[in-house]
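**Q** Just target.txt, nothing more (compact mmCIF, C-alpha atoms):
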```txt
# COMPACT_ATOMS: atom_id res chain seq x y z
CA ARG A 299 22.81 -3.56 18.00
CA LEU A 300 22.20 -5.99 20.77
CA PHE A 301 20.63 -9.25 19.78
CA PRO A 302 19.01 -11.08 22.70
CA ASP A 303 18.95 -14.84 22.69
CA TYR A 304 15.23 -15.61 22.37
CA ASP A 305 13.50 -18.97 22.83
CA GLY A 306 12.30 -18.75 19.22
CA TYR A 307 11.71 -16.37 16.31
CA LEU A 308 8.79 -15.48 14.07
CA VAL A 309 9.78 -14.29 10.59
CA TRP A 310 7.86 -13.28 7.47
CA SER A 311 9.58 -15.49 4.91
CA GLU A 312 12.16 -18.20 4.25
CA HIS A 313 14.48 -15.45 3.04
CA MET A 314 14.18 -13.64 6.37
CA ARG A 315 14.88 -16.88 8.23
CA ASP A 316 18.00 -17.39 6.10
CA GLN A 317 19.15 -13.85 6.90
CA LEU A 318 18.45 -14.34 10.61
CA HIS A 319 20.61 -17.46 10.67
CA ARG A 320 23.37 -15.89 8.55
CA TYR A 321 23.72 -12.66 10.52
CA PHE A 322 22.99 -14.14 13.94
CA PRO A 323 24.42 -17.69 13.99
CA ALA A 324 23.24 -18.29 17.57
CA SER A 325 19.65 -18.14 16.27
CA ARG A 326 20.19 -21.48 14.50
CA LYS A 327 19.85 -23.21 17.87
CA ARG A 328 16.25 -22.00 18.29
CA PRO A 329 13.02 -22.50 16.34
CA ALA A 330 12.38 -19.91 13.61
CA GLU A 331 8.86 -20.18 12.20
CA VAL A 332 7.75 -18.54 8.95
CA VAL A 333 4.41 -16.89 9.74
CA GLY A 334 4.09 -14.25 7.00
CA ALA A 335 3.42 -10.57 7.49
CA CYS A 336 0.40 -10.41 9.79
CA GLN A 337 -0.63 -6.92 8.63
CA TYR A 338 -1.50 -8.45 5.26
CA ASP A 339 -3.93 -11.05 6.65
CA VAL A 340 -6.78 -8.60 6.01
CA LEU A 341 -6.20 -9.02 2.27
CA PHE A 342 -7.78 -12.47 2.60
CA ASP A 343 -10.63 -11.48 4.92
CA PRO A 344 -13.96 -11.27 3.03
CA GLN A 345 -15.35 -8.61 5.40
CA TYR A 346 -12.97 -6.08 3.81
CA ARG A 347 -14.05 -6.75 0.24
CA SER A 348 -16.58 -5.04 -1.98
CA THR A 349 -17.44 -5.38 -5.64
CA ARG A 350 -15.50 -3.55 -8.31
CA GLU A 351 -18.63 -1.54 -9.06
CA ALA A 352 -19.02 -0.38 -5.44
CA PHE A 353 -15.31 0.43 -5.16
CA CYS A 354 -15.36 2.42 -8.40
CA GLU A 355 -18.47 4.31 -7.35
CA ARG A 356 -16.76 5.38 -4.11
CA HIS A 357 -13.85 6.82 -6.10
CA GLY A 358 -15.62 8.14 -9.19
CA LEU A 359 -14.02 5.50 -11.42
CA ASP A 360 -15.48 3.62 -14.38
CA PRO A 361 -15.58 -0.12 -13.55
CA SER A 362 -15.34 -1.04 -17.24
CA ARG A 363 -11.97 0.70 -17.67
CA PRO A 364 -8.60 -0.56 -16.41
CA ILE A 365 -7.42 0.92 -13.11
CA LEU A 366 -3.79 1.86 -12.60
CA LEU A 367 -3.09 2.17 -8.87
CA TYR A 368 -0.15 4.44 -8.14
CA ALA A 369 0.82 3.90 -4.50
CA LEU A 370 3.11 6.62 -3.22
CA GLY A 371 5.77 5.82 -0.67
CA SER A 372 6.99 8.12 2.05
CA PRO A 373 7.75 11.61 0.75
CA ARG A 374 10.56 11.71 3.28
CA PHE A 375 12.31 9.17 1.08
CA LEU A 376 11.24 10.09 -2.45
CA ASN A 377 8.82 12.64 -3.92
CA GLU A 378 6.82 10.50 -6.33
CA SER A 379 3.83 12.76 -6.84
CA PRO A 380 5.29 14.50 -9.94
CA GLY A 381 5.56 11.06 -11.57
CA ALA A 382 1.91 10.34 -10.81
CA VAL A 383 0.87 13.69 -12.29
CA ALA A 384 2.98 13.03 -15.40
CA LEU A 385 1.32 9.63 -15.81
CA ALA A 386 -2.13 11.22 -15.49
CA ARG A 387 -1.22 13.64 -18.27
CA LEU A 388 -0.17 10.71 -20.48
CA LEU A 389 -3.52 9.06 -19.83
CA ASP A 390 -5.39 12.28 -20.73
CA THR A 391 -6.76 11.16 -24.10
CA ASP A 392 -10.14 11.09 -25.79
CA ASN A 393 -10.13 7.29 -25.72
CA PRO A 394 -13.17 6.24 -23.62
CA GLU A 395 -11.54 2.85 -22.94
CA ALA A 396 -8.20 4.23 -21.74
CA ALA A 397 -6.91 3.34 -18.33
CA GLN A 398 -7.72 5.53 -15.35
CA LEU A 399 -5.37 6.37 -12.52
CA LEU A 400 -6.02 6.03 -8.81
CA VAL A 401 -3.32 7.69 -6.71
CA ARG A 402 -2.92 6.43 -3.17
CA PRO A 403 -0.89 8.71 -0.86
CA HIS A 404 1.15 7.26 1.95
CA PRO A 405 -1.27 7.06 4.92
CA GLN A 406 1.04 8.88 7.30
CA PHE A 407 1.38 11.87 4.98
CA ASP A 408 -2.11 12.31 3.51
CA ASP A 409 -3.06 15.92 4.14
CA GLY A 410 -5.49 16.20 1.21
CA ALA A 411 -3.25 18.59 -0.71
CA LEU A 412 -2.23 16.05 -3.34
CA ALA A 413 -5.62 16.36 -5.06
CA ASP A 414 -4.70 19.93 -6.07
CA ALA A 415 -1.99 18.56 -8.37
CA PHE A 416 -4.66 16.72 -10.38
CA ILE A 417 -7.04 19.63 -10.97
CA GLY A 418 -8.16 19.41 -14.57
CA LEU A 419 -7.26 15.70 -14.74
CA GLU A 420 -10.18 14.36 -12.69
CA HIS A 421 -11.59 12.54 -15.73
CA VAL A 422 -8.49 10.30 -15.79
CA ALA A 423 -7.15 10.46 -12.23
CA ARG A 424 -8.50 10.30 -8.70
CA VAL A 425 -6.70 10.69 -5.41
CA GLN A 426 -7.71 8.50 -2.48
CA ARG A 427 -8.00 9.87 1.05
CA VAL A 428 -6.21 7.34 3.23
CA GLY A 429 -5.58 9.21 6.43
CA ASP A 430 -5.80 12.58 8.07
CA ALA A 431 -2.54 14.40 8.62
CA ALA A 432 -4.39 16.79 10.93
CA ASP A 433 -4.52 13.99 13.49
CA PRO A 434 -1.51 13.76 15.79
CA PHE A 435 0.96 11.21 14.43
CA ASN A 436 0.44 8.82 17.34
CA ARG A 437 -3.34 8.80 16.72
CA ARG A 438 -3.33 8.04 13.03
CA ALA A 439 -4.76 4.63 12.37
CA GLN A 440 -6.69 2.88 9.69
CA ASP A 441 -10.30 2.24 10.68
CA SER A 442 -12.33 -0.59 9.12
CA ALA A 443 -13.49 1.56 6.21
CA LEU A 444 -9.94 2.65 5.34
CA ILE A 445 -8.67 -0.93 5.62
CA ALA A 446 -11.45 -2.09 3.29
CA ASP A 447 -10.55 0.65 0.82
CA TRP A 448 -6.88 -0.40 0.94
CA VAL A 449 -7.81 -4.06 0.33
CA ASP A 450 -10.16 -3.13 -2.53
CA SER A 451 -7.53 -0.85 -4.05
CA ILE A 452 -5.24 -3.84 -4.43
CA ARG A 453 -7.97 -6.27 -5.47
CA HIS A 454 -9.46 -4.06 -8.17
CA ALA A 455 -6.28 -2.55 -9.59
CA ASP A 456 -5.29 -3.92 -12.96
CA VAL A 457 -1.75 -2.60 -12.49
CA LEU A 458 0.04 -1.51 -9.31
CA ILE A 459 2.74 1.14 -9.67
CA ASN A 460 5.11 2.17 -6.91
CA THR A 461 8.75 2.93 -6.34
CA SER A 462 9.23 2.24 -2.66
CA SER A 463 6.22 1.13 -0.71
CA SER A 464 4.92 -1.78 1.36
CA MET A 465 2.25 -2.00 -1.35
CA THR A 466 4.81 -3.97 -3.37
```
Could you quickly redo this structure as structure tokens?
**A**
Amino acid sequence: RLFPDYDGYLVWSEHMRDQLHRYFPASRKRPAEVVGACQYDVLFDPQYRSTREAFCERHGLDPSRPILLYALGSPRFLNESPGAVALARLLDTDNPEAAQLLVRPHPQFDDGALADAFIGLEHVARVQRVGDAADPFNRRAQDSALIADWVDSIRHADVLINTSSSMT
């Protein structure tokens, strides 16, 4: 790869700055500011937040029960959906206080079909709609409502489960 000599660098973390300087020693001569990952700024924006009750109502969840959020990564890398289904089956008990599962598909690959894998498990598991795979790839984007749902998913989850995802 070519590495142009920039006037300065913006990085997400101290670790990234250390890597920049280690792999590209010429970068040490320029400013390298840690600015964080700008796509996560919305997590701190109150306009994208709703109450746990409102969030649970949107997804058919019980706000008094713990929420396990299973965020799937790209299926091009790893097919995690069988693990989410297996977890839903483990949660399928008569205990009214047991945790409930919210499965969040990767936004680029949400075609709505994942919900079929949870038929019969709706009382313990729900699948979010986070995108529309029918849209051309270059037109898929998260509107304000989908961003708010993403933020609330993180805020109201009691446990986040994922194998390989930016949700980490």
**Q** Quick check, in Å to one decimal: how far apart do CA of Tyr307 (chain A) and CA of Ser372 (chain A) lie?
**A**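 Between these atoms lies a distance of 28.7 Å.
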**Q** Report, in Å with one decimal, the straight-line distance from CA of Ile417 (chain A) to CA of Ala386 (chain A).
**A** 10.7 Å
**Q** Looking at A:Asp343, A:Glu395, A:Asp390, A:Asp408, which one is nearest to Pro364 (chain A), with distances taken over all atoms listed in the file?
**A**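 Checking each of A:Asp343, A:Glu395, A:Asp390, A:Asp408 against Pro364 (chain A), counting all atoms listed in the file, the winner is A:Glu395.
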**Q** Can you measure CA of His421 (chain A) to CA of Arg374 (chain A) for me? One decimal in Å is fine.
**A**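 Spanning CA of His421 (chain A) to CA of Arg374 (chain A) is a straight-line distance of 29.2 Å.
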**Q** My list of candidates is A:Phe301, A:Phe407, A:Asn393, A:Gln440. Which is closest to Gln337 (chain A) when distances are computed with all atoms listed in the file?
**A**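 Under the stated criterion, the closest residue is A:Gln440.
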**Q** Mind checking which residues fall within 12 Å of region 376-381 of chain A, counting all atoms listed in the file, ignoring those fewer than 2 positions away in the same chain, and posting them as an MDAnalysis selection string?
**A** chainID A and resid 368:374 383:388 399 401:404 407:408 411:416 425 459:463
**Q** Dump as a Markdown table the rows for residues of region 395-438 of chain A within 12 Å of region 344-356 of chain A: closest atom pair and distance in Å with one decimal, all atoms listed in the file counted, ordered by chain and rising residue number.
**A**
```
| residue | atom | partner | partner_atom | distance |
| --- | --- | --- | --- | --- |
| A:Gln398 | CA | A:Cys354 | CA | 10.8 |
| A:Leu399 | CA | A:Cys354 | CA | 11.5 |
| A:Leu400 | CA | A:Cys354 | CA | 10.0 |
| A:Arg424 | CA | A:Cys354 | CA | 10.5 |
| A:Val425 | CA | A:Arg356 | CA | 11.4 |
| A:Gln426 | CA | A:Arg356 | CA | 9.7 |
| A:Arg427 | CA | A:Arg356 | CA | 11.1 |
```
**Q** Please provide the set of residues having any atom within 9 Å of Ala446 (chain A), restricted to only C-alpha atoms, with same-chain residues fewer than 2 positions apart removed, written as a PyMOL selection string.
**A** chain A and resi 340-341+345-348+441-444+448-451
**Q** Leaving out Pro394 (chain A) and any residue of its chain fewer than 3 positions from it, which residues lie within 9 Å of it when counting all atoms listed in the file, given as a PDB file with C-alpha atoms, in the frame of the given file?
**A**
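Saved to part.pdb:
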```
ATOM      1  CA  ARG A 363     -11.970   0.700 -17.670  1.00  0.00           C
ATOM      2  CA  THR A 391      -6.760  11.160 -24.100  1.00  0.00           C
ATOM      3  CA  ALA A 397      -6.910   3.340 -18.330  1.00  0.00           C
TER       4      ALA A 397
END
```
**Q** Which one is closest to Ser362 (chain A): A:Ala396, A:Asp447, A:Ala324, A:Leu308? Count only C-alpha atoms.
**A**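 The answer is A:Ala396, which sits nearest to Ser362 (chain A).
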**Q** Need the shell around Asp430 (chain A): protein/DNA/RNA residues with any atom at most 9 Å away, counting only C-alpha atoms. Skip same-chain ones fewer than 5 positions apart. Format as a CSV table (one decimal) with C-alpha atoms, in the frame of the given file?
**A**
```csv
chain,number,residue,atom,x,y,z
A,405,PRO,CA,-1.3,7.1,4.9
A,406,GLN,CA,1.0,8.9,7.3
A,407,PHE,CA,1.4,11.9,5.0
A,408,ASP,CA,-2.1,12.3,3.5
A,409,ASP,CA,-3.1,15.9,4.1
A,410,GLY,CA,-5.5,16.2,1.2
A,438,ARG,CA,-3.3,8.0,13.0
```
**Q** Can you sort out the box for region 325-336 of chain A, edges along x, y and z, all listed atoms in, 8 Å on every side, with centre and edge lengths in Å to one decimal, as lines of an AutoDock Vina configuration file?
**A**
```
center_x = 10.3
center_y = -16.8
center_z = 12.6
size_x = 35.8
size_y = 28.8
size_z = 27.3
```
**Q** Which is closest to Phe322 (chain A) among A:Tyr304, A:Phe342, A:Phe375, A:Trp310, if we use all atoms listed in the file?
**A**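 Closest candidate: A:Tyr304.
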**Q** Given the point (4.8, -18.6, 11.1) in the file's coordinates, find the residues that have an atom at most 10 Å from it, counting all atoms listed in the file, and give them as a list in words.
**A**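 Within 10 Å of (4.8, -18.6, 11.1), the protein and nucleic acid residues are Tyr307, Leu308, Val309, Trp310, Ser311, Ala330, Glu331, Val332, Val333, Gly334, Ala335 and Cys336 of chain A.
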**Q** So, with only C-alpha atoms as the atoms that count, which of A:Leu359, A:Leu419, A:Ala455, A:Met465 lies closest to Leu389 (chain A)?
**A**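 Closest residue, counting only C-alpha atoms: A:Leu419.
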